[in-house]
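Engineer: Just data_31.cif, nothing more (mmCIF, C-alpha atoms):
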```
data_model
loop_
_atom_site.label_atom_id
_atom_site.label_comp_id
_atom_site.auth_asym_id
_atom_site.auth_seq_id
_atom_site.Cartn_x
_atom_site.Cartn_y
_atom_site.Cartn_z
CA SER A 1 -151.60 -50.99 -151.01
CA GLN A 2 -151.77 -51.81 -154.68
CA THR A 3 -154.49 -53.99 -156.17
CA ILE A 4 -155.26 -55.24 -159.63
CA HIS A 5 -158.77 -55.92 -160.86
CA GLN A 6 -159.57 -58.02 -163.87
CA TRP A 7 -163.01 -58.90 -165.16
CA PRO A 8 -164.98 -60.85 -165.99
CA ALA A 9 -163.72 -64.02 -164.34
CA THR A 10 -165.26 -66.26 -166.98
CA LEU A 11 -166.68 -65.58 -170.40
CA VAL A 12 -168.25 -67.71 -173.11
CA GLN A 13 -168.46 -66.07 -176.50
CA PRO A 14 -169.44 -67.34 -179.96
CA VAL A 15 -167.00 -67.33 -182.85
CA GLY A 16 -167.07 -64.01 -184.68
CA SER A 17 -168.26 -61.98 -181.71
CA PRO A 18 -166.27 -59.04 -180.30
CA LEU A 19 -164.27 -59.15 -177.07
CA SER A 20 -163.37 -56.59 -174.45
CA LEU A 21 -161.48 -57.51 -171.29
CA GLU A 22 -160.63 -54.81 -168.81
CA CYS A 23 -157.89 -54.54 -166.25
CA THR A 24 -157.38 -51.75 -163.74
CA VAL A 25 -154.70 -51.15 -161.15
CA GLU A 26 -155.14 -49.15 -157.95
CA GLY A 27 -152.64 -47.69 -155.54
CA THR A 28 -149.80 -46.92 -157.94
CA SER A 29 -149.09 -44.58 -160.82
CA ASN A 30 -147.47 -45.07 -164.22
CA PRO A 31 -147.22 -48.85 -163.92
CA ASN A 32 -146.00 -51.15 -166.66
CA LEU A 33 -149.00 -53.22 -167.76
CA TYR A 34 -149.11 -56.63 -169.43
CA TRP A 35 -151.56 -59.02 -171.08
CA TYR A 36 -150.70 -62.72 -171.13
CA ARG A 37 -152.61 -65.69 -172.48
CA GLN A 38 -152.37 -69.27 -171.31
CA ALA A 39 -153.78 -72.12 -173.36
CA ALA A 40 -154.94 -75.19 -171.45
CA GLY A 41 -151.95 -76.99 -169.92
CA ARG A 42 -149.45 -74.57 -171.45
CA GLY A 43 -147.17 -71.78 -170.29
CA LEU A 44 -147.81 -68.04 -170.41
CA GLN A 45 -147.61 -66.25 -173.72
CA LEU A 46 -146.95 -62.50 -173.62
CA LEU A 47 -149.45 -60.72 -175.86
CA PHE A 48 -149.00 -57.00 -175.17
CA TYR A 49 -147.21 -54.72 -172.78
CA SER A 50 -147.39 -51.01 -172.13
CA VAL A 51 -145.00 -48.59 -170.47
CA GLY A 52 -147.37 -45.61 -170.60
CA ILE A 53 -150.68 -44.20 -171.81
CA GLY A 54 -151.17 -44.93 -175.49
CA GLN A 55 -147.91 -46.90 -175.69
CA ILE A 56 -148.55 -50.52 -176.66
CA SER A 57 -146.02 -53.15 -177.72
CA SER A 58 -147.40 -56.20 -179.46
CA GLU A 59 -145.56 -59.46 -179.13
CA VAL A 60 -147.65 -61.82 -181.22
CA PRO A 61 -149.39 -60.77 -184.46
CA GLN A 62 -152.93 -62.03 -184.15
CA ASN A 63 -156.56 -61.33 -183.84
CA LEU A 64 -156.25 -59.23 -180.70
CA SER A 65 -155.44 -55.62 -179.87
CA ALA A 66 -154.76 -53.71 -176.67
CA SER A 67 -155.31 -50.15 -175.56
CA ARG A 68 -154.35 -48.05 -172.57
CA PRO A 69 -156.74 -45.12 -172.46
CA GLN A 70 -155.84 -44.17 -168.89
CA ASP A 71 -152.74 -44.57 -166.77
CA ARG A 72 -154.03 -47.56 -164.80
CA GLN A 73 -156.41 -49.10 -167.31
CA PHE A 74 -155.48 -51.76 -169.84
CA ILE A 75 -158.01 -53.21 -172.28
CA LEU A 76 -157.72 -56.29 -174.46
CA SER A 77 -160.03 -56.39 -177.48
CA SER A 78 -160.97 -58.34 -180.54
CA LYS A 79 -163.36 -57.47 -183.34
CA LYS A 80 -164.07 -61.09 -184.25
CA LEU A 81 -163.13 -63.97 -181.98
CA LEU A 82 -161.69 -67.21 -183.29
CA LEU A 83 -161.87 -70.63 -181.66
CA SER A 84 -158.11 -70.41 -181.10
CA ASP A 85 -158.64 -67.33 -178.90
CA SER A 86 -159.93 -69.56 -176.10
CA GLY A 87 -157.69 -69.53 -173.05
CA PHE A 88 -156.89 -68.01 -169.69
CA TYR A 89 -156.12 -64.30 -170.03
CA LEU A 90 -154.01 -62.66 -167.36
CA CYS A 91 -153.32 -59.01 -166.73
CA ALA A 92 -150.25 -57.99 -164.74
CA TRP A 93 -148.49 -54.84 -163.57
CA LYS A 94 -145.13 -53.84 -162.18
CA ARG A 95 -143.54 -50.61 -161.05
CA THR A 96 -141.74 -48.76 -163.78
CA GLY A 97 -138.00 -48.68 -163.99
CA ASP A 98 -136.95 -51.05 -161.25
CA ASN A 99 -136.62 -54.73 -160.57
CA SER A 100 -139.83 -55.11 -158.63
CA PRO A 101 -141.91 -58.24 -159.30
CA LEU A 102 -144.90 -58.67 -161.56
CA HIS A 103 -148.30 -58.74 -159.88
CA PHE A 104 -150.99 -60.72 -161.66
CA GLY A 105 -154.75 -60.47 -161.62
CA ASN A 106 -156.98 -63.46 -161.11
CA GLY A 107 -157.49 -63.96 -164.83
CA THR A 108 -160.38 -64.34 -167.25
CA ARG A 109 -161.18 -67.76 -168.60
CA LEU A 110 -162.47 -67.26 -172.15
CA THR A 111 -164.20 -70.02 -174.05
CA VAL A 112 -165.00 -69.36 -177.69
CA THR A 113 -167.72 -71.68 -178.98
CA ASP B 1 -133.99 -62.33 -175.07
CA ALA B 2 -132.06 -64.82 -172.99
CA LYS B 3 -134.06 -68.01 -172.54
CA THR B 4 -134.47 -70.45 -169.69
CA THR B 5 -134.85 -74.22 -169.73
CA GLN B 6 -136.67 -76.14 -167.01
CA PRO B 7 -137.79 -79.77 -166.61
CA ASN B 8 -141.44 -80.30 -167.44
CA SER B 9 -142.35 -81.86 -164.11
CA MET B 10 -141.00 -83.05 -160.77
CA GLU B 11 -142.45 -85.08 -157.94
CA SER B 12 -141.78 -84.76 -154.26
CA ASN B 13 -143.04 -86.23 -151.02
CA GLU B 14 -144.64 -83.98 -148.47
CA GLU B 15 -142.23 -82.57 -145.87
CA GLU B 16 -139.22 -83.24 -148.11
CA PRO B 17 -137.13 -80.59 -149.90
CA VAL B 18 -137.66 -79.85 -153.57
CA HIS B 19 -134.86 -78.62 -155.82
CA LEU B 20 -136.06 -77.04 -159.06
CA PRO B 21 -133.33 -76.46 -161.65
CA CYS B 22 -133.26 -73.76 -164.31
CA ASN B 23 -130.67 -73.41 -167.06
CA HIS B 24 -129.96 -69.99 -168.56
CA SER B 25 -126.69 -70.39 -170.40
CA THR B 26 -127.13 -67.16 -172.43
CA ILE B 27 -127.76 -64.95 -169.40
CA SER B 28 -126.30 -61.46 -169.65
CA GLY B 29 -124.53 -59.59 -166.90
CA THR B 30 -127.55 -57.39 -166.22
CA ASP B 31 -130.20 -60.15 -166.13
CA TYR B 32 -131.87 -60.87 -162.82
CA ILE B 33 -133.21 -64.38 -162.22
CA HIS B 34 -136.85 -64.36 -161.11
CA TRP B 35 -139.08 -67.22 -160.00
CA TYR B 36 -142.86 -67.28 -159.98
CA ARG B 37 -145.34 -70.01 -159.21
CA GLN B 38 -148.86 -70.57 -160.47
CA LEU B 39 -151.44 -72.45 -158.48
CA PRO B 40 -154.30 -74.08 -160.41
CA SER B 41 -156.74 -71.58 -161.93
CA GLN B 42 -154.85 -68.59 -160.51
CA GLY B 43 -152.46 -65.99 -161.81
CA PRO B 44 -148.76 -66.50 -161.08
CA GLU B 45 -147.29 -65.11 -157.88
CA TYR B 46 -143.78 -63.90 -157.23
CA VAL B 47 -141.52 -66.23 -155.27
CA ILE B 48 -137.98 -64.88 -155.24
CA HIS B 49 -135.30 -63.21 -157.35
CA GLY B 50 -131.54 -62.75 -157.35
CA LEU B 51 -128.58 -61.52 -159.38
CA THR B 52 -125.40 -63.23 -158.19
CA SER B 53 -125.68 -64.16 -154.53
CA ASN B 54 -127.91 -66.83 -153.06
CA VAL B 55 -131.16 -65.46 -151.66
CA ASN B 56 -133.55 -66.62 -148.96
CA ASN B 57 -137.06 -65.54 -148.08
CA ARG B 58 -140.01 -67.02 -146.26
CA MET B 59 -141.16 -68.93 -149.33
CA ALA B 60 -137.96 -70.41 -150.72
CA SER B 61 -134.24 -70.15 -151.32
CA LEU B 62 -132.50 -69.37 -154.60
CA ALA B 63 -129.08 -70.83 -155.29
CA ILE B 64 -127.25 -69.25 -158.24
CA ALA B 65 -124.28 -70.94 -159.88
CA GLU B 66 -121.01 -69.07 -159.82
CA ASP B 67 -121.05 -68.64 -163.62
CA ARG B 68 -124.76 -67.67 -163.40
CA LYS B 69 -125.64 -70.08 -166.19
CA SER B 70 -127.97 -72.01 -163.95
CA SER B 71 -129.93 -71.62 -160.75
CA THR B 72 -131.98 -73.76 -158.38
CA LEU B 73 -135.11 -72.88 -156.49
CA ILE B 74 -135.26 -74.73 -153.20
CA LEU B 75 -138.47 -75.42 -151.31
CA HIS B 76 -137.19 -76.62 -147.97
CA ARG B 77 -140.20 -78.63 -146.84
CA ALA B 78 -142.78 -79.24 -149.52
CA THR B 79 -146.43 -79.08 -148.53
CA LEU B 80 -149.46 -80.00 -150.57
CA ARG B 81 -150.06 -76.28 -151.09
CA ASP B 82 -146.74 -76.06 -152.94
CA ALA B 83 -148.15 -78.12 -155.82
CA ALA B 84 -147.97 -75.64 -158.68
CA VAL B 85 -146.16 -74.72 -161.89
CA TYR B 86 -142.89 -72.91 -161.17
CA TYR B 87 -141.49 -70.48 -163.73
CA CYS B 88 -137.93 -69.26 -163.98
CA ILE B 89 -137.51 -66.07 -166.02
CA LEU B 90 -134.73 -63.59 -166.72
CA ARG B 91 -135.25 -59.87 -166.31
CA ASP B 92 -132.85 -57.27 -167.65
CA VAL B 93 -132.28 -54.42 -165.25
CA PHE B 94 -132.48 -51.91 -168.09
CA PRO B 95 -135.73 -50.54 -169.53
CA ALA B 96 -135.54 -53.10 -172.32
CA GLY B 97 -136.40 -55.56 -169.61
CA ASN B 98 -139.94 -54.31 -169.59
CA LYS B 99 -140.71 -57.22 -171.91
CA LEU B 100 -141.13 -60.23 -169.64
CA THR B 101 -141.57 -63.67 -171.18
CA PHE B 102 -142.27 -66.95 -169.44
CA GLY B 103 -141.28 -70.44 -170.53
CA GLY B 104 -143.19 -73.65 -169.93
CA GLY B 105 -142.25 -73.96 -166.27
CA THR B 106 -141.93 -77.04 -164.06
CA ARG B 107 -145.07 -78.70 -162.72
CA VAL B 108 -144.42 -79.81 -159.15
CA LEU B 109 -146.48 -82.66 -157.76
CA VAL B 110 -146.41 -83.18 -154.00
CA LYS B 111 -147.40 -86.59 -152.72
CA PRO B 112 -148.79 -86.94 -149.19
#
```
So that I can check it, write out the structure of this file as structure tokens.
Structural biologist:
Amino acid sequence: SQTIHQWPATLVQPVGSPLSLECTVEGTSNPNLYWYRQAAGRGLQLLFYSVGIGQISSEVPQNLSASRPQDRQFILSSKKLLLSDSGFYLCAWKRTGDNSPLHFGNGTRLTVT
Amino acid sequence: DAKTTQPNSMESNEEEPVHLPCNHSTISGTDYIHWYRQLPSQGPEYVIHGLTSNVNNRMASLAIAEDRKSSTLILHRATLRDAAVYYCILRDVFPAGNKLTFGGGTRVLVKP
């Protein structure tokens, strides 16, 4: 069966510090991968999605970047965090090319202080 | 991308049905209607999806209007565990549908 791992679960970082959040998927190959962010009490904002290794589509120009160095690994990064980067970050995957549902990880709650 | 519109919140009593509306007046012929729900402090989970016909599964039913410009998610007997935010999204069947965006969703409150 397929599983998605996302870590860490919580993170407190000072303004100006770097960020690296990692997401890995097991039990499938060539998945579509997604990073979403959710501000407190708000809906999900799509940040990045990837249909293959090295292929990243950015949805919102901002302080963040994403990379996919391996087929089932998706990394969200920042060189210098802003207060506005605080939120609940969710990684998700789906099978490529069909109408199968999205599967989400348990999320990382990031607080920038 | 075609957008969806949902009420911000709804209340229901436990054991009663809940009907969650979603408007998608600009839906295209190849858009599937998907529903997800998000429990507090968790990632969203898939609930149900459909194209034209009504759909049923163990979690809910999906009723799709004949013109496909709206749909309704039906929780037949709400329990306290159904208190969550419910998202209605449209997914194109073509590869362009790899981009999946969520709206604000409907927050469902279930009263005991």
Engineer: Return as a PyMOL selection string the residues belonging to chain A that are within 12 Å of chain B, counting all atoms listed in the file.
Structural biologist: chain A and resi 4-6+9-10+31-52+56-60+87-109
Engineer: How would you write, as a ChimeraX atom specification, the residues chosen by the PyMOL selection byres ((chain B and resi 54) around 6) on this structure?
Structural biologist: /B:53,55,62-64
Engineer: Please report the interatomic distance between CA of Val18 (chain B) and CA of Glu66 (chain B) in Å with one decimal.
Structural biologist: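 If I compute the distance from CA of Val18 (chain B) to CA of Glu66 (chain B), I get 20.8 Å.
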Engineer: If you apply the PyMOL selection byres ((chain B and resi 111) around 10) to this file, what residues do you get, as a list in words?
Structural biologist: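 With the PyMOL selection byres ((chain B and resi 111) around 10) on this model, the match is Glu11, Ser12, Asn13, Glu14, Glu15, Glu16, Ala78, Thr79, Leu80, Ala83, Val108, Leu109, Val110 and Pro112 of chain B.
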Engineer: What would the selection look like, as a ChimeraX atom specification, if the PyMOL selection byres ((chain A and resi 83) around 10) were run on the coordinates I just shared?
Structural biologist: /A:13-16,81-82,84-87,111-113
Engineer: So what do you get for CA of Ser9 (chain B) versus CA of Ala65 (chain B), distance-wise?
Structural biologist: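 One can read the CA of Ser9 (chain B) to CA of Ala65 (chain B) distance as 21.5 Å.
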Engineer: Using only C-alpha atoms, which residue out of A:Ile53, A:Leu110, A:Cys23, A:Leu64 lies closest to Lys80 (chain A)?
Structural biologist: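 Using only C-alpha atoms, the shortest distance to Lys80 (chain A) belongs to A:Leu64.
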Engineer: From the set A:Gln2, A:Ser17, A:Asn30, A:Thr24, which residue has the shortest atom-to-atom contact distance to Asn63 (chain A), counting only C-alpha atoms?
Structural biologist: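 Smallest separation from Asn63 (chain A) among the options: A:Ser17.
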Engineer: In Å, with one decimal, what is the gap from CA of Asn23 (chain B) to CA of Leu39 (chain B)?
Structural biologist: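 Computed distance, CA of Asn23 (chain B) to CA of Leu39 (chain B), equals 22.5 Å.
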Engineer: For His19 (chain B), list every protein, DNA or RNA residue within 7 Å, evaluated using all atoms listed in the file, and leave out those in the same chain fewer than 4 positions away; present the list as a PyMOL selection string.
Structural biologist: chain B and resi 72-75
